[in-house]
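This report concerns only the one structure given below.
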Amino acid sequence: MTKQLTHTGTAASSLLGQETPYCARYDSTLLFPIPRQEKRNELGFDLHSMPFQGLDIWTAYEVSWLNSKGKPIAVIAEFAFPADSLNIIESKSFKLYLNSFNGTRFESQQQVEELFIKDLSLACGDSVDVLIRNLDFDESLTGGLPGENLDTLDIEVTDYQVNPTLLTTETSPDKVCETVNSHLLKSNCLVTGQPDWGSVVIRYEGIQIHHENLLKYLISFREHNEFHEQCVERIFTDIMKRCKPDKLTVYARYVRRGGLDINPYRSNFEETFDIARTIRQ
């Protein structure tokens with residue numbers, strides 16, 4: 001799909017933090033796109049010089065519509081937005097859009113899926129993949145994070161605003177290939193200031209990153225205001241600038257809010273990176 005501009009706005013003008021009526025009739029105009037480039041300007045790159053590839057994988061746990069006889073259908077839906085799409089979708093508008101299906105009759109699940117793909121692709125400016133799951137799907141899809149967990153490290157923390165200078169590498173010139181993870185990632189919504197809780201996996205090849213300082217850096221997001229996707233891109237960019245690994249993947253799985261979880265990953269060497277839902281999801 002050719003990337004195309006659609007109606008967009010700024011985070012400050014979004015529906016977040018505003019009283020909005022509940023709509024139970026299908027309405028694609030509820031979607032509120034926000035240009036990715038707003039925050040990428042701070043990180044020093046644009047669509048034509050992206051240092052990574054990746055996806056934003058959204059899971060919607062409150063998806064329902066009426067079949068042709070008026071009987072409710074309830075499912076879980078997964079949406080994959082390309083990292084190089086022009087826009088992200090503001091989360092409250094996404095929930096309002098999904099709610100608009102609740103009182104609308106559709107002939108088939110395929111019709112609903114086709115609408116999801118059409119509306120979301122138009123809003124984000126690129127092709128969106130959609131997977132609809134029945135509610136009896138395999139619970140074994142829930143699992144732990146890969147790699148070494150950093151959360152047991154005994155550290156003293158003083159920074160709760162993002163501080164990339166905390167990132168350092170070990171003194172040994174030997175290169176390593178390792179995966180580490182933490183459940184201590186927390187940031188706040190860019191507009192409302194509400195907390196966003198997440199777990200993060202970092203996989204890289206290069207000079208070993210100092211684990212204690214990496215954990216301090218991740219914790220330094222604790223009072224930082226930014227959307228999920230923007231936090232992951234900031235983590236990726238800061239690690240590349242400060243630690244200069246040859247290869248890097250950053251994947252965050254955020255706890256659901258409003259029936260949605262958002263799971264962005266960015267990588268300069270992996271096209272896909274599958275991680276099961278965590279126990280918090």
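Order determines the names: the first chain of the structure tokens is A, the second B, and so forth; residues in each chain are numbered 1 upward, and ligands are numbered 1 upward as they are shown.
DSSP, applied to the backbone of this structure, assigns alpha helix (DSSP H) to the following residues of range 95-152 of chain A: Lys95, Leu96, Tyr97, Leu98, Asn99, Gln109, Gln110, Gln111, Val112, Glu113, Glu114, Leu115, Phe116, Ile117, Lys118, Asp119, Leu120, Ser121, Leu122, Ala123 and Cys124 of chain A.
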Residues from the last selection, C-alpha atoms, saved as an mmCIF file, in the first residue's frame:
data_model
loop_
_atom_site.group_PDB
_atom_site.id
_atom_site.type_symbol
_atom_site.label_atom_id
_atom_site.label_comp_id
_atom_site.auth_asym_id
_atom_site.auth_seq_id
_atom_site.Cartn_x
_atom_site.Cartn_y
_atom_site.Cartn_z
ATOM 1 C CA LYS A 95 -11.246 2.118 21.650
ATOM 2 C CA LEU A 96 -14.164 4.377 20.669
ATOM 3 C CA TYR A 97 -13.876 3.076 17.106
ATOM 4 C CA LEU A 98 -13.954 -0.542 18.298
ATOM 5 C CA ASN A 99 -16.926 0.239 20.543
ATOM 6 C CA GLN A 109 -16.530 -11.959 10.547
ATOM 7 C CA GLN A 110 -14.815 -11.442 7.200
ATOM 8 C CA GLN A 111 -16.793 -8.240 6.681
ATOM 9 C CA VAL A 112 -15.634 -6.936 10.055
ATOM 10 C CA GLU A 113 -12.028 -7.906 9.344
ATOM 11 C CA GLU A 114 -12.122 -6.154 5.969
ATOM 12 C CA LEU A 115 -13.437 -2.973 7.605
ATOM 13 C CA PHE A 116 -10.691 -3.099 10.227
ATOM 14 C CA ILE A 117 -8.034 -3.405 7.534
ATOM 15 C CA LYS A 118 -9.509 -0.644 5.356
ATOM 16 C CA ASP A 119 -10.134 1.892 8.135
ATOM 17 C CA LEU A 120 -6.914 1.372 10.075
ATOM 18 C CA SER A 121 -4.723 1.280 6.960
ATOM 19 C CA LEU A 122 -6.221 4.572 5.818
ATOM 20 C CA ALA A 123 -5.768 6.150 9.256
ATOM 21 C CA CYS A 124 -2.134 5.117 9.761
#
Neighbour list for range 29-33 of chain A as JSON, numbers by chain, cut-off 6 Å, only C-alpha atoms, skip fewer than 6 positions in-chain:
{"A": [8, 87, 88, 89, 90, 93, 94, 97, 123]}
Same residues, N, CA and C atoms, saved as a PDB file, in the first residue's frame:
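Written out: selection-v2.pdb:
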ATOM      1  N   THR A   8      -4.998  14.250  10.277  1.00  0.00           N
ATOM      2  CA  THR A   8      -4.229  13.978  11.486  1.00  0.00           C
ATOM      3  C   THR A   8      -4.329  15.159  12.427  1.00  0.00           C
ATOM      4  N   ASN A  87       1.471   7.454  10.599  1.00  0.00           N
ATOM      5  CA  ASN A  87       0.788   7.865  11.825  1.00  0.00           C
ATOM      6  C   ASN A  87       0.664   6.719  12.818  1.00  0.00           C
ATOM      7  N   ILE A  88       0.555   7.074  14.094  1.00  0.00           N
ATOM      8  CA  ILE A  88       0.048   6.159  15.099  1.00  0.00           C
ATOM      9  C   ILE A  88      -1.426   6.513  15.310  1.00  0.00           C
ATOM     10  N   ILE A  89      -2.164   5.605  15.936  1.00  0.00           N
ATOM     11  CA  ILE A  89      -3.564   5.867  16.244  1.00  0.00           C
ATOM     12  C   ILE A  89      -3.676   6.158  17.734  1.00  0.00           C
ATOM     13  N   GLU A  90      -4.261   7.280  18.070  1.00  0.00           N
ATOM     14  CA  GLU A  90      -4.447   7.624  19.488  1.00  0.00           C
ATOM     15  C   GLU A  90      -5.344   6.570  20.123  1.00  0.00           C
ATOM     16  N   SER A  93      -9.209   6.969  20.871  1.00  0.00           N
ATOM     17  CA  SER A  93      -9.995   6.991  19.636  1.00  0.00           C
ATOM     18  C   SER A  93     -10.133   5.585  19.057  1.00  0.00           C
ATOM     19  N   PHE A  94      -9.081   4.767  19.221  1.00  0.00           N
ATOM     20  CA  PHE A  94      -9.121   3.381  18.756  1.00  0.00           C
ATOM     21  C   PHE A  94     -10.195   2.606  19.523  1.00  0.00           C
ATOM     22  N   TYR A  97     -13.610   3.691  18.413  1.00  0.00           N
ATOM     23  CA  TYR A  97     -13.876   3.076  17.106  1.00  0.00           C
ATOM     24  C   TYR A  97     -14.313   1.626  17.266  1.00  0.00           C
ATOM     25  N   ALA A 123      -6.101   5.237   8.162  1.00  0.00           N
ATOM     26  CA  ALA A 123      -5.768   6.150   9.256  1.00  0.00           C
ATOM     27  C   ALA A 123      -4.265   6.218   9.513  1.00  0.00           C
TER      28      ALA A 123
END
Distance table requested - range 159-208 of chain A against range 214-219 of chain A, cut-off 7 Å, only C-alpha atoms: one row per qualifying residue with the closest atom pair and its distance in Å to one decimal, ordered by chain and rising residue number, as a tab-separated table.
residue	atom	partner	partner_atom	distance
A:Tyr160	CA	A:Ile219	CA	6.5
A:Val162	CA	A:Tyr217	CA	7.0
A:Asn163	CA	A:Tyr217	CA	6.2
A:Pro164	CA	A:Tyr217	CA	6.5
A:Leu166	CA	A:Tyr217	CA	5.7
A:Leu167	CA	A:Leu214	CA	5.7
A:Leu184	CA	A:Ile219	CA	6.3
A:Leu185	CA	A:Leu218	CA	5.9
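You can rank A:Cys243, A:Cys23, A:Val63, A:Ile34 by their closest distance to Ile76 in chain A using only C-alpha atoms, and at the top of that list sits A:Val63.
Pairwise distance (CA of Ile73 in chain A, CA of Ala276 in chain A) equals 25.0 Å.
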DSSP strand (DSSP E) selection over range 36-270 of chain A, as number ranges by chain
A: 53-66, 72-82, 87-89, 129-133, 148-149, 175-188, 195-207, 247-254, 260-267
Closest of A:Leu150, A:Val75, A:Val176, A:Ala60 to Gln281 in chain A - atom-to-atom distances counting only C-alpha atoms:
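Among the listed residues, A:Ala60 lies closest to Gln281 in chain A.
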Can you tell me, as a list in words, what residues are no more than 12 Å from Arg280 in chain A when counting only C-alpha atoms, ignoring any on the same chain fewer than 6 positions away?
Thr142, Gly143, Gly144, Leu145, His183, Trp197, Gly198, Ser199, Arg253, Tyr254, Val255, Arg256, Arg257 and Asp261 of chain A
